Structures are given as structure tokens and as C-alpha cells.
>>> print(open('target00.txt').read())   # compact mmCIF, C-alpha atoms
# COMPACT_ATOMS: atom_id res chain seq x y z
CA MET A 25 214.76 144.91 -68.86
CA SER A 26 213.17 148.25 -69.64
CA PRO A 27 210.37 148.19 -72.22
CA SER A 28 212.19 150.90 -74.20
CA THR A 29 215.33 148.74 -74.52
CA SER A 30 215.67 146.48 -77.53
CA PRO A 31 216.02 142.83 -76.44
CA ARG A 32 219.32 141.03 -76.69
CA PHE A 33 219.48 137.89 -78.83
CA PHE A 34 221.13 134.60 -77.92
CA THR A 35 221.78 131.41 -79.89
CA GLU A 36 220.63 128.03 -78.57
CA ARG A 37 224.29 127.09 -78.09
CA GLU A 38 224.89 130.18 -75.97
CA VAL A 39 221.85 129.52 -73.78
CA ALA A 40 222.83 125.85 -73.32
CA ARG A 41 226.24 126.85 -71.96
CA HIS A 42 224.61 128.47 -68.92
CA CYS A 43 223.79 125.35 -66.93
CA THR A 44 225.80 125.74 -63.71
CA PRO A 45 224.86 126.95 -60.21
CA ASP A 46 226.77 130.16 -60.95
CA SER A 47 224.94 130.84 -64.23
CA CYS A 48 221.64 129.14 -65.01
CA TRP A 49 219.46 130.20 -67.95
CA VAL A 50 216.13 128.77 -69.05
CA LEU A 51 213.61 129.42 -71.82
CA LEU A 52 209.90 130.14 -72.05
CA GLY A 53 209.26 129.79 -75.73
CA THR A 54 211.77 132.16 -77.28
CA ARG A 55 212.20 134.29 -74.15
CA VAL A 56 215.47 133.82 -72.24
CA TYR A 57 215.65 134.07 -68.43
CA ASP A 58 218.66 134.14 -66.11
CA VAL A 59 217.28 132.38 -63.02
CA THR A 60 220.61 132.02 -61.18
CA ALA A 61 219.40 134.19 -58.30
CA PHE A 62 216.18 132.16 -58.00
CA LEU A 63 217.75 128.68 -57.73
CA ARG A 64 217.78 128.45 -53.94
CA MET A 65 214.37 130.13 -53.67
CA HIS A 66 212.55 127.65 -55.89
CA PRO A 67 210.09 125.60 -53.79
CA GLY A 68 210.79 122.53 -55.90
CA GLY A 69 214.48 122.72 -55.10
CA GLU A 70 217.57 123.91 -56.91
CA ALA A 71 218.19 120.60 -58.72
CA LEU A 72 214.80 120.71 -60.42
CA ILE A 73 215.67 123.90 -62.31
CA ARG A 74 219.29 122.97 -62.95
CA SER A 75 218.23 119.72 -64.61
CA ARG A 76 216.25 121.81 -67.10
CA ALA A 77 218.87 124.54 -67.66
CA GLY A 78 219.00 125.75 -71.24
CA LYS A 79 215.63 124.15 -72.01
CA ASP A 80 212.11 125.39 -72.57
CA LEU A 81 210.04 125.32 -69.36
CA SER A 82 206.68 126.17 -70.94
CA ALA A 83 205.29 122.67 -70.40
CA GLU A 84 206.49 122.56 -66.78
CA LEU A 85 204.76 125.85 -65.98
CA GLU A 86 201.47 124.50 -67.33
CA GLY A 87 201.82 121.19 -65.45
CA PRO A 88 201.57 118.44 -64.44
CA PRO A 89 202.17 118.06 -61.55
CA HIS A 90 200.74 121.56 -61.07
CA ARG A 91 200.04 124.68 -63.04
CA HIS A 92 202.06 127.67 -61.85
CA SER A 93 200.13 130.69 -60.59
CA GLU A 94 199.97 134.13 -62.17
CA ASN A 95 202.19 135.48 -59.39
CA ALA A 96 204.81 132.85 -60.16
CA ARG A 97 204.73 133.83 -63.85
CA ARG A 98 204.93 137.52 -62.97
CA TRP A 99 207.89 136.78 -60.70
CA MET A 100 209.60 134.97 -63.58
CA GLU A 101 209.56 138.13 -65.70
CA GLN A 102 212.02 139.77 -63.31
CA TYR A 103 214.72 137.48 -64.71
CA TYR A 104 214.05 138.13 -68.42
CA ILE A 105 217.28 139.00 -70.27
CA GLY A 106 216.50 138.61 -73.98
CA GLU A 107 215.24 136.50 -76.87
CA LEU A 108 216.31 133.23 -78.46
CA ASP A 109 217.56 133.59 -82.04
CA ARG A 110 216.39 130.38 -83.71
CA GLY A 111 216.32 131.67 -87.27
CA SER A 112 219.85 132.97 -87.66
CA GLY A 113 221.72 129.69 -87.62
CA THR A 114 225.11 131.39 -87.31
CA ASP A 115 226.93 133.27 -84.62
CA GLU A 116 227.88 135.93 -87.19
CA THR A 117 224.24 136.85 -87.77
CA LEU A 118 223.75 136.94 -84.03
CA ARG A 119 226.65 139.33 -83.59
CA GLU A 120 225.21 141.60 -86.25
CA ARG A 121 221.84 141.62 -84.53
CA LYS A 122 223.46 142.32 -81.16
CA LYS A 123 225.38 145.22 -82.72
CA ALA A 124 222.18 146.67 -84.17
CA SER A 125 220.49 146.27 -80.79
CA GLU A 126 223.33 148.09 -79.04
CA GLN A 127 223.16 150.93 -81.57
CA THR A 128 219.41 151.26 -80.99
CA ASN A 129 219.90 151.30 -77.24
CA GLY A 130 222.63 153.93 -77.63
CA LYS A 131 220.31 156.23 -79.57
CA THR A 132 217.59 155.74 -76.95
CA ALA A 133 220.00 156.58 -74.15
CA GLU A 134 221.00 159.84 -75.86
CA LYS A 135 217.39 161.01 -75.68
CA ARG A 136 217.19 160.69 -71.92
CA THR A 137 217.01 163.85 -69.88
CA GLU A 138 219.68 164.73 -67.34
CA LYS A 139 217.25 163.95 -64.55
CA GLN A 140 216.63 160.43 -65.82
CA GLN A 141 220.37 159.83 -66.17
CA GLN A 142 220.90 161.00 -62.58
CA VAL A 143 218.24 158.55 -61.39
CA ASP A 144 220.03 155.73 -63.22
CA GLU A 145 223.35 156.71 -61.62
CA ASP A 146 221.72 156.69 -58.18
CA GLU A 147 220.39 153.22 -58.85
CA ASP A 148 223.82 151.95 -59.93
CA ILE A 149 225.48 152.97 -56.66
CA SER A 150 222.56 151.92 -54.46
CA PRO A 151 222.88 148.59 -52.62
CA TYR A 152 219.23 148.00 -53.45
CA SER A 153 219.98 147.68 -57.17
CA ARG A 154 221.54 144.23 -56.76
CA CYS A 155 218.17 142.51 -57.23
CA SER A 156 216.07 142.24 -60.36
CA PRO A 157 214.61 145.68 -61.13
CA VAL A 158 211.11 146.92 -60.54
CA ASP A 159 209.61 149.14 -63.23
CA LEU A 160 210.33 152.42 -61.47
CA ASP A 161 208.16 154.42 -63.85
CA GLN A 162 205.09 152.19 -63.71
CA ASP A 163 205.05 150.99 -60.10
CA LEU A 164 202.57 152.56 -57.69
CA VAL A 165 205.31 153.60 -55.24
CA ASP A 166 208.69 155.24 -55.67
CA TRP A 167 211.24 152.54 -54.81
CA ARG A 168 213.99 155.15 -54.67
CA LYS A 169 212.40 156.49 -51.47
CA PRO A 170 211.45 154.79 -48.16
CA LEU A 171 208.18 152.89 -48.54
CA ALA A 172 206.74 153.13 -45.02
CA TRP A 173 205.03 156.47 -45.54
CA GLN A 174 204.02 155.84 -49.16
CA VAL A 175 201.94 152.64 -48.98
CA GLY A 176 199.14 154.21 -46.95
CA HIS A 177 198.31 156.43 -49.91
CA LEU A 178 197.64 153.43 -52.17
CA GLY A 179 194.14 153.05 -50.75
CA GLU A 180 192.09 150.39 -52.50
CA LYS A 181 195.09 149.48 -54.70
CA TYR A 182 197.19 148.44 -51.70
CA ASP A 183 195.85 144.89 -51.31
CA ALA A 184 196.58 143.95 -54.93
CA TRP A 185 199.95 145.71 -54.91
CA VAL A 186 201.28 144.14 -51.72
CA HIS A 187 200.39 140.63 -52.92
CA GLN A 188 202.40 140.90 -56.13
CA PRO A 189 205.84 139.83 -54.83
CA VAL A 190 209.10 141.22 -56.16
CA ASP A 191 212.71 140.14 -55.83
CA ARG A 192 214.00 143.40 -54.42
CA PRO A 193 215.06 144.59 -50.94
CA ILE A 194 212.75 147.04 -49.20
CA ARG A 195 213.79 150.22 -47.44
CA LEU A 196 211.15 151.25 -44.93
CA PHE A 197 212.59 154.39 -43.33
CA GLY A 198 214.95 157.15 -44.38
CA ASN A 199 216.42 157.42 -40.88
CA PRO A 200 219.30 154.90 -40.70
CA PHE A 201 218.66 154.06 -37.03
CA LEU A 202 214.96 153.36 -37.60
CA GLU A 203 215.82 151.31 -40.68
CA ALA A 204 218.43 149.27 -38.80
CA ALA A 205 215.88 148.52 -36.06
CA THR A 206 213.62 146.79 -38.60
CA LYS A 207 216.31 144.33 -39.68
CA THR A 208 218.11 141.43 -38.09
CA SER A 209 220.31 138.58 -39.23
CA TRP A 210 218.82 135.14 -38.64
CA TYR A 211 221.54 134.07 -36.17
CA TRP A 212 220.71 136.88 -33.75
CA VAL A 213 217.47 135.08 -32.92
CA LEU A 214 219.59 132.19 -31.66
CA VAL A 215 222.16 134.42 -29.96
CA VAL A 216 219.52 136.35 -28.00
CA TRP A 217 216.89 133.75 -27.18
CA VAL A 218 218.66 130.38 -26.87
CA PRO A 219 220.55 131.42 -23.69
CA VAL A 220 217.25 132.63 -22.23
CA VAL A 221 215.57 129.31 -23.07
CA VAL A 222 218.45 127.30 -21.54
CA TYR A 223 218.59 129.38 -18.37
CA LEU A 224 214.82 129.42 -17.76
CA SER A 225 214.60 125.67 -18.46
CA TRP A 226 217.29 125.00 -15.86
CA TYR A 227 215.64 127.41 -13.40
CA CYS A 228 212.18 125.87 -13.75
CA TYR A 229 213.38 122.28 -13.54
CA SER A 230 215.60 122.91 -10.50
CA THR A 231 212.78 124.78 -8.74
CA LEU A 232 210.31 121.96 -9.37
CA ALA A 233 212.94 119.47 -8.21
CA GLN A 234 212.89 121.05 -4.74
CA GLY A 235 209.41 119.60 -4.26
CA THR A 236 207.91 122.76 -2.80
CA THR A 237 205.65 123.68 -5.72
CA ARG A 238 201.99 122.91 -5.19
CA ILE A 239 198.74 123.78 -6.97
CA ALA A 240 195.98 124.86 -4.61
CA VAL A 241 192.71 123.11 -5.45
CA THR A 242 190.77 124.38 -2.42
CA SER A 243 191.73 126.40 0.64
CA GLY A 244 192.70 123.23 2.48
CA PHE A 245 193.88 120.98 -0.32
CA SER A 246 196.77 121.29 -2.79
CA VAL A 247 198.49 119.01 -5.28
CA PRO A 248 202.28 118.77 -5.48
CA VAL A 249 203.93 119.35 -8.86
CA HIS A 250 206.74 116.87 -9.51
CA LYS A 251 209.83 117.77 -11.55
CA SER A 252 208.76 115.21 -14.16
CA MET A 253 205.93 117.60 -15.07
CA PHE A 254 208.38 120.12 -16.53
CA PRO A 255 208.54 118.47 -20.01
CA VAL A 256 204.74 118.37 -20.05
CA LEU A 257 204.46 122.05 -19.15
CA PHE A 258 207.19 122.85 -21.68
CA LEU A 259 205.30 121.11 -24.51
CA MET A 260 202.02 122.71 -23.45
CA GLY A 261 203.67 126.11 -23.78
CA TRP A 262 204.97 125.18 -27.22
CA PHE A 263 201.47 124.06 -28.22
CA LEU A 264 199.91 127.32 -26.98
CA TRP A 265 202.54 129.37 -28.81
CA SER A 266 201.78 127.61 -32.10
CA PHE A 267 198.08 128.38 -31.66
CA MET A 268 198.81 132.00 -30.75
CA GLU A 269 201.08 132.38 -33.79
CA TYR A 270 198.41 130.94 -36.07
CA CYS A 271 195.82 133.41 -34.76
CA ILE A 272 198.18 136.39 -35.08
CA HIS A 273 199.20 135.32 -38.58
CA ARG A 274 195.68 134.73 -39.81
CA PHE A 275 193.68 137.50 -38.15
CA VAL A 276 196.30 140.28 -37.80
CA PHE A 277 198.98 139.71 -40.44
CA HIS A 278 196.42 138.73 -43.08
CA MET A 279 193.70 141.22 -42.32
CA LYS A 280 192.60 143.40 -45.20
CA PRO A 281 193.00 146.97 -43.96
CA PRO A 282 190.23 149.43 -44.91
CA ALA A 283 191.11 151.18 -48.16
CA HIS A 284 190.34 154.61 -46.67
CA ASN A 285 192.51 154.19 -43.55
CA TYR A 286 196.07 155.39 -44.18
CA TYR A 287 197.31 154.35 -40.73
CA LEU A 288 195.98 150.78 -40.78
CA ILE A 289 197.43 150.20 -44.24
CA THR A 290 200.81 151.49 -43.06
CA LEU A 291 200.62 149.35 -39.91
CA HIS A 292 199.75 146.25 -41.93
CA PHE A 293 202.69 146.83 -44.26
CA LEU A 294 205.12 147.30 -41.37
CA LEU A 295 203.86 144.19 -39.54
CA HIS A 296 203.68 141.73 -42.41
CA GLY A 297 202.84 143.26 -45.78
CA GLN A 298 206.52 143.95 -46.45
CA HIS A 299 207.25 140.23 -46.07
CA HIS A 300 204.74 139.33 -48.79
CA LYS A 301 205.90 142.13 -51.08
CA SER A 302 209.54 141.04 -50.83
CA PRO A 303 209.50 137.46 -49.52
CA PHE A 304 213.21 136.90 -50.15
CA ASP A 305 214.58 139.96 -48.40
CA GLY A 306 216.80 138.01 -46.00
CA SER A 307 217.34 140.89 -43.57
CA ARG A 308 213.70 140.82 -42.47
CA LEU A 309 212.28 137.85 -40.58
CA VAL A 310 208.56 137.20 -40.23
CA PHE A 311 208.75 138.64 -36.69
CA PRO A 312 210.90 141.82 -36.67
CA PRO A 313 212.95 142.29 -33.46
CA GLY A 314 210.59 144.76 -31.86
CA LEU A 315 207.46 142.81 -32.74
CA ALA A 316 209.04 139.57 -31.50
CA SER A 317 209.74 141.14 -28.11
CA ILE A 318 206.17 142.41 -27.85
CA VAL A 319 204.65 139.03 -28.76
CA VAL A 320 206.95 137.16 -26.36
CA GLY A 321 206.13 139.62 -23.57
CA LEU A 322 202.40 139.31 -24.23
CA PHE A 323 202.67 135.52 -24.15
CA TYR A 324 204.40 135.68 -20.77
CA LEU A 325 201.83 138.06 -19.27
CA ILE A 326 198.95 135.80 -20.35
CA LEU A 327 200.52 132.73 -18.73
CA HIS A 328 201.65 134.62 -15.63
CA SER A 329 198.10 135.88 -15.01
CA MET A 330 196.58 132.40 -15.32
CA LEU A 331 199.05 130.14 -13.50
CA PRO A 332 201.31 130.08 -10.43
CA GLU A 333 204.63 131.73 -11.23
CA ILE A 334 206.85 128.70 -11.76
CA LEU A 335 204.22 126.86 -13.81
CA GLY A 336 203.66 129.92 -15.96
CA VAL A 337 207.40 130.32 -16.54
CA SER A 338 207.71 126.63 -17.43
CA MET A 339 205.06 126.99 -20.12
CA PHE A 340 206.51 130.33 -21.22
CA VAL A 341 209.95 128.83 -21.88
CA GLY A 342 208.32 126.11 -23.99
CA GLY A 343 206.52 128.77 -26.02
CA LEU A 344 209.72 130.78 -26.35
CA CYS A 345 211.53 127.72 -27.67
CA GLY A 346 208.65 127.19 -30.10
CA TYR A 347 209.08 130.75 -31.37
CA VAL A 348 212.82 130.25 -31.97
CA VAL A 349 212.26 126.98 -33.84
CA TYR A 350 209.42 128.53 -35.85
CA ASP A 351 211.50 131.55 -36.91
CA MET A 352 214.46 129.37 -37.92
CA ILE A 353 212.31 126.93 -39.91
CA HIS A 354 210.53 129.82 -41.60
CA TYR A 355 213.84 131.37 -42.60
CA TYR A 356 215.07 128.03 -43.97
CA LEU A 357 211.88 127.55 -45.99
CA HIS A 358 212.65 130.80 -47.80
CA TYR A 359 216.39 130.42 -48.28
CA GLY A 360 217.23 126.75 -47.81
CA SER A 361 217.21 124.00 -50.41
CA PRO A 362 215.90 120.82 -48.74
CA LYS A 363 216.26 117.47 -50.44
CA ARG A 364 213.40 116.25 -52.55
CA GLY A 365 211.09 113.86 -50.72
CA THR A 366 211.90 115.14 -47.23
CA TYR A 367 209.40 116.72 -44.85
CA LEU A 368 211.03 120.14 -45.18
CA TYR A 369 210.88 119.87 -48.97
CA GLY A 370 207.10 119.44 -48.81
CA LEU A 371 206.79 122.16 -46.18
CA LYS A 372 208.79 124.59 -48.33
CA ALA A 373 206.56 123.91 -51.35
CA TYR A 374 203.45 124.34 -49.18
CA HIS A 375 204.68 127.62 -47.71
CA VAL A 376 205.70 129.16 -51.03
CA LYS A 377 202.23 128.41 -52.40
CA HIS A 378 200.98 130.60 -49.56
CA HIS A 379 203.16 133.45 -50.82
CA PHE A 380 202.45 133.13 -54.52
CA GLU A 381 198.90 131.86 -54.86
CA HIS A 382 196.82 131.86 -51.67
CA GLN A 383 198.20 134.76 -49.66
CA ARG A 384 195.04 136.84 -50.03
CA SER A 385 192.58 134.06 -49.24
CA GLY A 386 194.08 133.10 -45.87
CA PHE A 387 195.03 129.55 -46.85
CA GLY A 388 198.25 127.85 -45.78
CA ILE A 389 198.94 130.15 -42.84
CA THR A 390 201.72 128.07 -41.24
CA THR A 391 201.67 124.29 -41.47
CA THR A 392 198.77 121.90 -41.86
CA PHE A 393 198.77 121.33 -38.07
CA TRP A 394 196.36 124.22 -37.47
CA ASP A 395 195.21 124.57 -41.08
CA HIS A 396 193.25 121.32 -40.88
CA PRO A 397 191.08 122.11 -37.82
CA PHE A 398 190.47 125.68 -39.04
CA ASN A 399 189.87 124.64 -42.65
CA THR A 400 192.63 126.78 -44.13
CA VAL A 401 194.52 124.01 -45.92
CA ILE A 402 195.60 125.04 -49.43
CA PRO A 403 192.87 123.46 -51.59
CA ASP A 404 194.85 122.63 -54.74
CA GLU A 405 198.32 121.99 -56.07
CA LYS A 406 199.00 125.36 -57.67
CA PHE A 407 202.22 127.27 -57.21
>>> encode(input="target00.txt", output="C-alpha cells")
Amino acid sequence: MSPSTSPRFFTEREVARHCTPDSCWVLLGTRVYDVTAFLRMHPGGEALIRSRAGKDLSAELEGPPHRHSENARRWMEQYYIGELDRGSGTDETLRERKKASEQTNGKTAEKRTEKQQQVDEDEDISPYSRCSPVDLDQDLVDWRKPLAWQVGHLGEKYDAWVHQPVDRPIRLFGNPFLEAATKTSWYWVLVVWVPVVVYLSWYCYSTLAQGTTRIAVTSGFSVPVHKSMFPVLFLMGWFLWSFMEYCIHRFVFHMKPPAHNYYLITLHFLLHGQHHKSPFDGSRLVFPPGLASIVVGLFYLILHSMLPEILGVSMFVGGLCGYVVYDMIHYYLHYGSPKRGTYLYGLKAYHVKHHFEHQRSGFGITTTFWDHPFNTVIPDEKF
């Protein structure tokens, strides 16, 4: 809601009626929020919000079990729709106040310039207007234009800006072909890579089953590699991939680019900053298609240079399978709604803390598997 627009007023009865998955409203004091679009995103699960629909959540935001972060509170403001009218007592008074509000808004709209009205019309027809709005006049970038070439000019303000998430799709490039290349639906990861994993697994196992693969220890001594070693090599590759992903995520994705370097800021935003700015833009996975291909290729080259061909491929296919599982789990943590008390429920809550509270400090990079040995476990229970 624009600051220049007078707030709408709702009765307690009207707010209480919105308690379904299709329309869910909550309160923070007297402020009314329509959180329907946020239900499936909530790290605590959809049911947790629905059970409190129409009620005041002020106590829940303060805790226990945890106090919500400033980013979580800022995110909440995107769903603000009006104020609770506790003093009127009648629907008639409410209607009168709504009428007065509409008249005020009408007078304000008449004062807009033709240019401002044209901007509003562009926003109405744009597919990017379906999410909660960003303050287009106050934000540091122009959301009506592609962001890729703008963020580098933010300089020292970039780090704070990129770590204030919004519920709005991002357009990176004006060229439609470049823009399309930065997006992918989640199922294409399975369509492209699962056949490769299946074929290479069969190829490696059948090759090892021939009994001709040996590891040379010295010039006159070698050790045969039995087909039963394939699962071991496969899991070793998965293990190495998880370590490689942790390092890339921590030291590349979460680097702080120099404030004076336009190109490094732009590169950081294209690689991962966009994901933290708009964490629920479903068209963009944590590894964009091009980046995924580069990382997978790099992983293969490392293994191929260190091991005999068939052993390297066996570990590579394990790492490739690890990448597919990682990308699918990551997507589900953002858009799925796991049952309370399950492992994925806890993992979702842990990961969203990384996005809303600890994204700048490097905590909670992936799971606690590597966070524990590298001391990057999220240190508290904030969200």
C-alpha cells in the first residue's frame, strides 16, 4: 500500500471471515495483513498461520519459541492491506469510513501527473505486478527496468539492499532470450540430468563388472577394482559434491564484493544475490542452468584428472546425483509445506533462517552436515 493512500478499515468480524487457504488474514495490533500468498512459504508450515487466522500475531512474532528477525518483520509489511476498526462497533460506521477513504484516494489520484499514471498502467499489465509491490519511488533500483546492469551502481549500499528480501519476481535482462536463459522450471533438472545419471551408472557398473579395471600401485603391481566398489565410488562422489557445493556457496555465493567494483557486484548478483533478494521467485533455482553446467563440468574435470577414467566417472555420477537431489530439496524447502516434526520441516526452518537472519554472516550455508565442522551453524533460534 502506497504511503500516500489512506488505509482501508475492516471490522473484527470481516477479518475473522478470512481464515481459509484461499484467503487468510492476520493482525499485528490494529494492522491487517493478507498473508494468503505467504502460507506455503512460511518456514513453520501453512497450518501454523492458518490456525491463527483472524487473530493478533504480535505475541508470536516476539516469541517464544523464537523472536522473528527484522527481515521477517520487513517482509510482513508487503502484505499490509489496512487497519482494524475496533472503535466503530457497527458495519455502517465502517462503510462511512471506507467511503471517506475512497474519496480521499480519488482526490489524491487526480493530482497525479500523466507520467505517473502511465507508470501505473504499465505495472497493471506487467506479469511482474502479481506479487506484493516494492516502493518504486523509494527503492534504490528501478524495478520497471532490468536489474542486471543497475545493481553494480549501488556500491556500498548493495550488500544491505540485496539482503533485504522482497516477494517480487526479478527481471535481469531486457533481451528476452538472455532473460529466458536465466530461468528454468524445477522439473527440467530431472528431465535433463536423471537420464544422464541412470545411463552413466549403468555404464560404470557394467564396465567394472567385466573385471578388467585395475589401479596401478607400482609399475609391476596393480589392484583389481570389483563391481561391488561402484556404490562406494558413487557415495564418495556424492560426498565430494556436497563439500564442493558448501565451499562454492560460502566463499563465492556469499562473498562481499568490493563496493567500488561494479563488475564484481554485478557478477555476485547474477550468481546468487538475486536468489537472496527474491527468495521465492520460483523460476530461478539456486544453480541457474548455465552455472549448473559449468559446475558439473568442473567437477568432472577435477575427478578425471585425479583418477583412472572409469573410477572418475563413477564418482562423477555420484556427485551429479547429489546435485540433482540437492537442487530438488532446495526447491522444496522454498515452496513445499512439510509436516511439522519431520526432518524436512526442521530443514526448511533452518534454511529460511539463513535467508532472513544470517545470510550476511555466512551461517547456515546448507545443512548442519558441513556447518558443524566449519563452525557455521546458526547460533540461535531467530527467524
>>> closest_residue(input="target00.txt", among="A:Cys228, A:Val348, A:Met339, A:Ile73", to="Trp210 of chain A", atoms="all atoms listed in the file")
A:Val348
>>> atom_distance(input="target00.txt", atom1="atom CA of Phe393 of chain A", atom2="atom CA of Ile326 of chain A")
22.9 Å
>>> closest_atom_pairs(input="target00.txt", of="segment 204-293 of chain A", to="segment 160-181 of chain A", cutoff="6 Å", atoms="only C-alpha atoms", output="Markdown table")
| residue | atom | partner | partner_atom | distance |
| --- | --- | --- | --- | --- |
| A:Ala283 | CA | A:Gly179 | CA | 4.4 |
| A:His284 | CA | A:Gly179 | CA | 5.8 |
| A:Tyr286 | CA | A:Gly176 | CA | 4.3 |
| A:Ile289 | CA | A:Gly176 | CA | 5.1 |
| A:Thr290 | CA | A:Gly176 | CA | 5.0 |
>>> closest_residue(input="target00.txt", among="A:Ile105, A:Val376, A:Val39, A:Leu259", to="Arg76 of chain A", atoms="only C-alpha atoms")
A:Val39
>>> residues_around(input="target00.txt", residues="Val190 of chain A", least_positions_apart="2", cutoff="7 Å", atoms="only C-alpha atoms", output="list in words")
Trp99, Gln188, Arg192, Lys301 and Ser302 of chain A
>>> atom_distance(input="target00.txt", atom1="atom CA of Arg195 of chain A", atom2="atom CA of Asp305 of chain A")
10.3 Å
>>> closest_residue(input="target00.txt", among="A:Lys251, A:Gly370, A:Arg41, A:Asp58", to="Arg238 of chain A", atoms="all atoms listed in the file")
A:Lys251
>>> residues_near_point(input="target00.txt", point="(210.2, 136.9, -23.7)", cutoff="10 Å", atoms="all atoms listed in the file", output="JSON, numbers by chain")
{"A": [217, 220, 221, 316, 317, 318, 319, 320, 321, 322, 323, 324, 325, 340, 341, 343, 344, 347]}
>>> closest_residue(input="target00.txt", among="A:Pro255, A:Pro281, A:Gly53, A:Pro332", to="His296 of chain A", atoms="all atoms listed in the file")
A:Pro281
>>> atom_distance(input="target00.txt", atom1="atom CA of Ser75 of chain A", atom2="atom CA of Leu357 of chain A")
21.2 Å
>>> closest_residue(input="target00.txt", among="A:Cys43, A:Cys345, A:Met279, A:Leu51", to="Leu214 of chain A", atoms="only C-alpha atoms")
A:Cys345
>>> closest_residue(input="target00.txt", among="A:Met65, A:Leu202, A:Val215, A:Leu52", to="Ala83 of chain A", atoms="all atoms listed in the file")
A:Leu52
>>> build_atoms(input="target00.txt", residues="segment 315-334 of chain A", atoms="N, CA and C atoms", output="compact mmCIF listing (two decimals), keeping the file's coordinate frame")
# COMPACT_ATOMS: atom_id res chain seq x y z
N LEU A 315 208.72 143.55 -32.80
CA LEU A 315 207.46 142.81 -32.74
C LEU A 315 207.64 141.50 -31.99
N ALA A 316 208.78 140.83 -32.19
CA ALA A 316 209.04 139.57 -31.50
C ALA A 316 209.05 139.78 -29.98
N SER A 317 209.68 140.85 -29.54
CA SER A 317 209.74 141.14 -28.11
C SER A 317 208.35 141.41 -27.55
N ILE A 318 207.53 142.12 -28.30
CA ILE A 318 206.17 142.41 -27.85
C ILE A 318 205.34 141.13 -27.74
N VAL A 319 205.43 140.27 -28.76
CA VAL A 319 204.65 139.03 -28.76
C VAL A 319 205.11 138.12 -27.63
N VAL A 320 206.42 137.99 -27.45
CA VAL A 320 206.95 137.16 -26.36
C VAL A 320 206.50 137.69 -25.00
N GLY A 321 206.57 139.02 -24.83
CA GLY A 321 206.13 139.62 -23.57
C GLY A 321 204.65 139.40 -23.32
N LEU A 322 203.84 139.54 -24.36
CA LEU A 322 202.40 139.31 -24.23
C LEU A 322 202.11 137.87 -23.86
N PHE A 323 202.83 136.94 -24.46
CA PHE A 323 202.67 135.52 -24.15
C PHE A 323 202.97 135.24 -22.68
N TYR A 324 204.03 135.87 -22.17
CA TYR A 324 204.40 135.68 -20.77
C TYR A 324 203.34 136.24 -19.84
N LEU A 325 202.84 137.43 -20.14
CA LEU A 325 201.83 138.06 -19.27
C LEU A 325 200.56 137.22 -19.21
N ILE A 326 200.16 136.64 -20.33
CA ILE A 326 198.95 135.80 -20.35
C ILE A 326 199.14 134.59 -19.43
N LEU A 327 200.28 133.91 -19.56
CA LEU A 327 200.52 132.73 -18.73
C LEU A 327 200.70 133.10 -17.27
N HIS A 328 201.40 134.21 -17.01
CA HIS A 328 201.65 134.62 -15.63
C HIS A 328 200.35 134.98 -14.91
N SER A 329 199.36 135.50 -15.63
CA SER A 329 198.10 135.88 -15.01
C SER A 329 197.19 134.68 -14.76
N MET A 330 197.46 133.56 -15.42
CA MET A 330 196.58 132.40 -15.32
C MET A 330 197.12 131.31 -14.40
N LEU A 331 198.43 131.26 -14.20
CA LEU A 331 199.05 130.14 -13.50
C LEU A 331 199.98 130.63 -12.40
N PRO A 332 200.26 129.74 -11.40
CA PRO A 332 201.31 130.08 -10.43
C PRO A 332 202.62 130.38 -11.15
N GLU A 333 203.46 131.18 -10.53
CA GLU A 333 204.63 131.73 -11.23
C GLU A 333 205.49 130.67 -11.91
N ILE A 334 205.91 129.65 -11.19
CA ILE A 334 206.85 128.70 -11.76
C ILE A 334 206.20 127.88 -12.87
